[in-house]
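Undergrad: One structure is given below, represented as structure tokens, and several questions about it will come after.
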Amino acid sequence: MAEYLLYGFAQSGNSYKPALYLELAEADWMPRFVDFFNGETRTPAYRQINVMGEVPVLEHKGQRLSQSGVILDYLVEQFGKYGWTDNSERREIFRWLLWDNHKLTSYTATYRFLRVLAPNPNPVIIDEFRKRAESSWKILDAQLSGGPYLVGDRLTIADLSGCAYLFFEDELGVDWTLYPNVRDWLQRIRSEPRWKHPYQLLPGHPIPKSP
């Protein structure tokens, strides 16, 4: 049994955030597939694992942690990688991590879900979330104009959180050359020796059919 067990599925960028950390840190970990599209997160059994009915969930040494930002903070504590050098830098990392969760991931993930995963979505709503996602991509591109990573000159959990949904560019229908700093940043992350795409790192792609 692996030391770290991560509940999630391939289409979930939020699951990818800690999965990518674990992979880059060369952790002894394994994924536990959660069949979201066939309703597993709504079952009483899964609500015993996470009352919020969400992924990811990390099991380690008898603990269960949920919410990707909390898990990333915990993993920095465990591995001492992709974290901060002082409290000022920690606050800056968490500023971008919270912005990602509230804006970048929220808008981008919802837009992608409506565009390629939801049945019969309302085109007006899709267009609205596209606009919101684009507003976040512009902010991200502007921040990255000042340096190679979101905070400082090295990879941190701010980057591992922020990049997660952006590797689904085909499903987003976005050309990252329109956001050149984002394009180059994503390439830097792709160049990490153990980087893998979400569909390679986590189980569940293609989406399993109903039993």
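Residues are named by chain letter and number: chains run A, B, ... in the order of the structure tokens, numbers start at 1 in each chain, and ligands are numbered from 1 in the order shown.
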When you look at Tyr16 in chain A with a cut-off of 12 Å (counting only C-alpha atoms), what residues show up, excluding the ones that are within fewer than 2 positions of it in the same chain? I need them as an mmCIF file with C-alpha atoms, in the first residue's frame.

TA:
```
data_model
loop_
_atom_site.group_PDB
_atom_site.id
_atom_site.type_symbol
_atom_site.label_atom_id
_atom_site.label_comp_id
_atom_site.auth_asym_id
_atom_site.auth_seq_id
_atom_site.Cartn_x
_atom_site.Cartn_y
_atom_site.Cartn_z
ATOM 1 C CA LEU A 6 -5.370 10.404 -3.312
ATOM 2 C CA TYR A 7 -9.079 10.230 -4.166
ATOM 3 C CA GLY A 8 -9.862 11.828 -7.499
ATOM 4 C CA PHE A 9 -10.436 11.392 -11.220
ATOM 5 C CA ALA A 10 -8.765 12.459 -14.425
ATOM 6 C CA GLN A 11 -11.151 15.228 -15.489
ATOM 7 C CA SER A 12 -10.785 17.021 -12.155
ATOM 8 C CA GLY A 13 -8.180 19.740 -12.229
ATOM 9 C CA ASN A 14 -8.568 20.077 -8.477
ATOM 10 C CA PRO A 18 -2.072 17.462 -5.388
ATOM 11 C CA ALA A 19 -1.472 14.594 -7.828
ATOM 12 C CA LEU A 20 1.055 16.705 -9.714
ATOM 13 C CA TYR A 21 2.722 17.738 -6.462
ATOM 14 C CA LEU A 22 3.020 14.120 -5.343
ATOM 15 C CA GLU A 23 4.419 13.076 -8.704
ATOM 16 C CA LEU A 24 6.967 15.894 -8.910
ATOM 17 C CA PRO A 31 -4.751 7.337 -6.893
ATOM 18 C CA VAL A 55 -12.549 15.507 -4.646
ATOM 19 C CA PRO A 56 -9.686 15.547 -3.945
ATOM 20 C CA VAL A 57 -9.256 13.784 -0.633
ATOM 21 C CA LEU A 58 -5.823 12.787 0.631
ATOM 22 C CA GLN A 67 -9.737 20.896 -0.437
ATOM 23 C CA SER A 68 -6.791 21.120 -2.795
ATOM 24 C CA GLY A 69 -5.259 24.190 -1.149
ATOM 25 C CA ILE A 71 -3.705 19.399 0.781
ATOM 26 C CA LEU A 72 -0.992 21.387 -1.007
ATOM 27 C CA THR A 105 -10.183 27.636 -11.364
ATOM 28 C CA LEU A 160 0.769 23.873 -9.198
ATOM 29 C CA SER A 161 -2.665 25.124 -8.236
ATOM 30 C CA GLY A 162 -3.020 27.733 -10.968
ATOM 31 C CA CYS A 163 -1.943 25.565 -13.887
ATOM 32 C CA ALA A 164 -4.235 22.624 -13.228
ATOM 33 C CA TYR A 165 -7.165 23.351 -15.546
ATOM 34 C CA LEU A 166 -5.079 25.107 -18.186
ATOM 35 C CA PHE A 167 -3.570 21.909 -19.590
ATOM 36 C CA PHE A 168 -7.050 21.097 -20.962
ATOM 37 C CA TRP A 195 5.360 16.180 -15.344
ATOM 38 C CA LYS A 196 2.359 14.317 -16.719
ATOM 39 C CA HIS A 197 -0.925 15.493 -18.206
ATOM 40 C CA PRO A 198 -3.986 14.981 -15.978
ATOM 41 C CA TYR A 199 -5.258 12.225 -18.281
ATOM 42 C CA GLN A 200 -1.957 10.373 -17.840
ATOM 43 C CA LEU A 201 -1.620 10.930 -14.114
ATOM 44 C CA LEU A 202 -5.111 10.114 -12.837
ATOM 45 C CA PRO A 203 -7.601 7.348 -13.689
#
```

Undergrad: Return the single residue from A:Ser136, A:Thr156, A:Arg64, A:Ser145 that is closest to Trp99 in chain A, with distances computed using only C-alpha atoms.

TA: A:Ser136

Undergrad: What's the 8 Å shell around Arg130 in chain A, counting only C-alpha atoms, without same-chain residues fewer than 2 positions away, as a list in words?

TA: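 Selected residues are Tyr107, Thr108, Tyr111, Ile126, Asp127, Glu128, Arg132, Ala133 and Glu134 of chain A.
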
Undergrad: For those residues, write all heavy atoms to a file as a CSV table (one decimal), in the first residue's frame.

TA:
```csv
chain,number,residue,atom,x,y,z
A,107,TYR,N,-13.9,29.9,-12.6
A,107,TYR,CA,-14.4,30.3,-13.9
A,107,TYR,C,-14.0,29.3,-15.0
A,107,TYR,O,-14.8,28.9,-15.8
A,107,TYR,CB,-14.0,31.7,-14.3
A,107,TYR,CG,-14.5,32.8,-13.4
A,107,TYR,CD1,-13.8,34.0,-13.1
A,107,TYR,CD2,-15.8,32.6,-12.7
A,107,TYR,CE1,-14.3,35.0,-12.3
A,107,TYR,CE2,-16.3,33.6,-11.9
A,107,TYR,CZ,-15.6,34.8,-11.7
A,107,TYR,OH,-16.0,35.8,-10.9
A,108,THR,N,-12.7,28.9,-15.0
A,108,THR,CA,-12.2,28.1,-16.1
A,108,THR,C,-12.8,26.7,-16.0
A,108,THR,O,-13.2,26.1,-17.0
A,108,THR,CB,-10.7,28.0,-16.0
A,108,THR,OG1,-10.1,29.3,-16.0
A,108,THR,CG2,-10.1,27.1,-17.1
A,111,TYR,N,-16.5,26.9,-17.0
A,111,TYR,CA,-16.6,27.1,-18.5
A,111,TYR,C,-16.4,25.8,-19.2
A,111,TYR,O,-17.1,25.4,-20.1
A,111,TYR,CB,-15.7,28.2,-18.9
A,111,TYR,CG,-15.5,28.2,-20.4
A,111,TYR,CD1,-16.6,28.6,-21.2
A,111,TYR,CD2,-14.3,27.9,-21.0
A,111,TYR,CE1,-16.4,28.6,-22.6
A,111,TYR,CE2,-14.1,27.9,-22.4
A,111,TYR,CZ,-15.2,28.3,-23.2
A,111,TYR,OH,-15.1,28.3,-24.5
A,126,ILE,N,-22.7,29.7,-21.2
A,126,ILE,CA,-21.3,29.3,-21.6
A,126,ILE,C,-20.6,30.6,-22.0
A,126,ILE,O,-19.4,30.7,-21.6
A,126,ILE,CB,-21.4,28.4,-22.8
A,126,ILE,CG1,-22.0,27.0,-22.4
A,126,ILE,CG2,-20.0,28.1,-23.4
A,126,ILE,CD1,-22.2,26.1,-23.6
A,127,ASP,N,-21.2,31.5,-22.8
A,127,ASP,CA,-20.5,32.7,-23.2
A,127,ASP,C,-20.1,33.5,-22.0
A,127,ASP,O,-19.0,34.1,-22.0
A,127,ASP,CB,-21.4,33.5,-24.1
A,127,ASP,CG,-20.8,34.7,-24.7
A,127,ASP,OD1,-19.7,34.5,-25.4
A,127,ASP,OD2,-21.3,35.8,-24.5
A,128,GLU,N,-21.0,33.6,-21.0
A,128,GLU,CA,-20.7,34.4,-19.8
A,128,GLU,C,-19.5,33.9,-19.1
A,128,GLU,O,-18.6,34.6,-18.6
A,128,GLU,CB,-21.9,34.5,-18.9
A,128,GLU,CG,-21.7,35.2,-17.6
A,128,GLU,CD,-21.3,36.7,-17.7
A,128,GLU,OE1,-21.7,37.3,-18.8
A,128,GLU,OE2,-20.6,37.2,-16.9
A,132,ARG,N,-15.7,35.4,-18.2
A,132,ARG,CA,-15.1,35.4,-16.9
A,132,ARG,C,-13.8,34.7,-16.8
A,132,ARG,O,-12.8,35.1,-16.2
A,132,ARG,CB,-16.1,34.8,-15.9
A,132,ARG,CG,-17.4,35.5,-15.7
A,132,ARG,CD,-18.2,34.9,-14.6
A,132,ARG,NE,-19.5,35.6,-14.5
A,132,ARG,CZ,-20.4,35.4,-13.5
A,132,ARG,NH1,-20.0,34.6,-12.5
A,132,ARG,NH2,-21.5,36.1,-13.5
A,133,ALA,N,-13.7,33.5,-17.5
A,133,ALA,CA,-12.4,32.8,-17.6
A,133,ALA,C,-11.4,33.7,-18.3
A,133,ALA,O,-10.2,33.7,-17.8
A,133,ALA,CB,-12.6,31.5,-18.4
A,134,GLU,N,-11.7,34.3,-19.4
A,134,GLU,CA,-10.8,35.1,-20.1
A,134,GLU,C,-10.2,36.3,-19.2
A,134,GLU,O,-9.1,36.6,-19.3
A,134,GLU,CB,-11.4,35.7,-21.4
A,134,GLU,CG,-11.6,34.7,-22.5
A,134,GLU,CD,-12.3,35.2,-23.7
A,134,GLU,OE1,-12.9,36.3,-23.6
A,134,GLU,OE2,-12.2,34.5,-24.8
```

Undergrad: Pick out the residues sitting within 10 Å of Arg154 in chain A, and hand them over as a list in words; count only C-alpha atoms, and ignore anything fewer than 6 positions along from it in its own chain.

TA: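 The contact residues come out as Tyr82, Gly83, Trp84, Gly147 and Pro148 of chain A.
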
Undergrad: How close does each residue of range 103-189 of chain A get to range 33-41 of chain A, giving the shortest atom pair and distance in Å to one decimal for every residue with an atom at most 12 Å away, counting only C-alpha atoms, sorted by chain and residue number, as CSV?

TA:
```
residue,atom,partner,partner_atom,distance
A:Phe113,CA,A:Phe37,CA,11.7
A:Leu117,CA,A:Phe37,CA,9.6
A:Ala118,CA,A:Phe37,CA,10.3
A:Pro119,CA,A:Phe37,CA,11.9
```

Undergrad: I need the residues in range 11-211 of chain A that are strand (DSSP E or B) according to DSSP; give them as a PyMOL selection string.

TA: chain A and resi 29-33+57-60+63-66

Undergrad: Using DSSP on the backbone coordinates, identify the residues of range 37-206 of chain A assigned to alpha helix (DSSP H); present them as a ChimeraX atom specification.

TA: /A:44-49,68-79,87-99,105-112,123-144,157-162,169-172,180-190,198-201

Undergrad: Between A:Leu172, A:Leu178, A:Leu150, A:Ile189, which one has atoms that come closest to Arg95 in chain A, using only C-alpha atoms?

TA: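 Result for the nearest residue to Arg95 in chain A: A:Leu150.
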
Undergrad: With only C-alpha atoms as the basis for distance, which of A:Ser88, A:Phe129, A:Ala142, A:Pro208 is at the shortest distance from Ala109 in chain A?

TA: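 Checking each candidate against Ala109 in chain A, we get A:Phe129 as the closest.
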
Undergrad: When you draw a straight line from CA of Trp29 in chain A to CA of Lys61 in chain A, how long is it in Å?

TA: 12.4 Å

Undergrad: Using only C-alpha atoms, which residues sit within 10 Å of Trp96 in chain A once same-chain residues fewer than 5 positions away are excluded, as an mmCIF file with N, CA and C atoms, in the first residue's frame?

TA:
```
data_model
loop_
_atom_site.group_PDB
_atom_site.id
_atom_site.type_symbol
_atom_site.label_atom_id
_atom_site.label_comp_id
_atom_site.auth_asym_id
_atom_site.auth_seq_id
_atom_site.Cartn_x
_atom_site.Cartn_y
_atom_site.Cartn_z
ATOM 1 N N ARG A 91 2.575 34.310 2.453
ATOM 2 C CA ARG A 91 1.331 35.056 2.233
ATOM 3 C C ARG A 91 1.109 35.340 0.752
ATOM 4 N N ASN A 101 -8.357 29.560 -6.644
ATOM 5 C CA ASN A 101 -9.556 28.816 -6.254
ATOM 6 C C ASN A 101 -10.829 29.622 -6.468
ATOM 7 N N HIS A 102 -10.776 30.903 -6.162
ATOM 8 C CA HIS A 102 -11.967 31.738 -6.231
ATOM 9 C C HIS A 102 -12.281 32.217 -7.643
ATOM 10 N N LYS A 103 -11.257 32.474 -8.438
ATOM 11 C CA LYS A 103 -11.459 33.066 -9.764
ATOM 12 C C LYS A 103 -11.008 32.145 -10.894
ATOM 13 N N LEU A 104 -9.702 31.918 -10.978
ATOM 14 C CA LEU A 104 -9.155 31.202 -12.138
ATOM 15 C C LEU A 104 -9.744 29.811 -12.300
ATOM 16 N N LEU A 140 -3.667 36.496 -15.036
ATOM 17 C CA LEU A 140 -2.559 35.556 -14.920
ATOM 18 C C LEU A 140 -1.428 35.933 -15.864
ATOM 19 N N LEU A 150 4.565 32.369 -10.648
ATOM 20 C CA LEU A 150 3.618 33.282 -10.017
ATOM 21 C C LEU A 150 4.226 34.031 -8.834
ATOM 22 N N VAL A 151 5.069 33.353 -8.091
ATOM 23 C CA VAL A 151 5.710 33.979 -6.931
ATOM 24 C C VAL A 151 7.207 33.667 -6.996
ATOM 25 N N ILE A 157 3.586 25.993 -4.897
ATOM 26 C CA ILE A 157 2.217 25.465 -4.951
ATOM 27 C C ILE A 157 1.252 26.467 -5.581
ATOM 28 N N ALA A 158 1.614 27.738 -5.646
ATOM 29 C CA ALA A 158 0.773 28.694 -6.367
ATOM 30 C C ALA A 158 0.689 28.307 -7.837
ATOM 31 N N ASP A 159 1.820 27.899 -8.408
ATOM 32 C CA ASP A 159 1.845 27.465 -9.809
ATOM 33 C C ASP A 159 1.135 26.128 -9.988
ATOM 34 N N SER A 161 -1.226 24.912 -8.327
ATOM 35 C CA SER A 161 -2.665 25.124 -8.236
ATOM 36 C C SER A 161 -3.194 25.832 -9.484
ATOM 37 N N GLY A 162 -2.522 26.910 -9.873
ATOM 38 C CA GLY A 162 -3.020 27.733 -10.968
ATOM 39 C C GLY A 162 -3.011 27.069 -12.331
#
```

Undergrad: Leaving out Asp170 in chain A and any residue of its chain fewer than 6 positions from it, which residues lie within 12 Å of it when counting only C-alpha atoms, given as a list in words?

TA: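 Everything that qualifies: Arg112, Arg115, Val116 and Trp176 of chain A.
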
Undergrad: Could you write out the selected residues, including N, CA, C and O atoms, as an mmCIF file, in the first residue's frame?

TA:
```cif
data_model
loop_
_atom_site.group_PDB
_atom_site.id
_atom_site.type_symbol
_atom_site.label_atom_id
_atom_site.label_comp_id
_atom_site.auth_asym_id
_atom_site.auth_seq_id
_atom_site.Cartn_x
_atom_site.Cartn_y
_atom_site.Cartn_z
ATOM 1 N N ARG A 112 -15.282 25.088 -18.838
ATOM 2 C CA ARG A 112 -14.935 23.819 -19.495
ATOM 3 C C ARG A 112 -16.024 22.783 -19.298
ATOM 4 O O ARG A 112 -16.396 22.053 -20.233
ATOM 5 N N ARG A 115 -18.878 23.569 -21.509
ATOM 6 C CA ARG A 115 -18.532 23.462 -22.937
ATOM 7 C C ARG A 115 -18.414 22.021 -23.420
ATOM 8 O O ARG A 115 -18.845 21.710 -24.540
ATOM 9 N N VAL A 116 -17.852 21.129 -22.610
ATOM 10 C CA VAL A 116 -17.557 19.785 -23.125
ATOM 11 C C VAL A 116 -18.125 18.636 -22.297
ATOM 12 O O VAL A 116 -18.131 17.499 -22.768
ATOM 13 N N TRP A 176 -3.144 29.456 -26.368
ATOM 14 C CA TRP A 176 -2.344 30.151 -25.368
ATOM 15 C C TRP A 176 -1.342 31.126 -25.984
ATOM 16 O O TRP A 176 -0.759 31.929 -25.262
#
```

Undergrad: So, with only C-alpha atoms as the atoms that count, which of A:Arg183, A:His60, A:Arg90, A:Arg47 lies closest to Leu144 in chain A?

TA: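 Checking each candidate against Leu144 in chain A, we get A:Arg183 as the closest.
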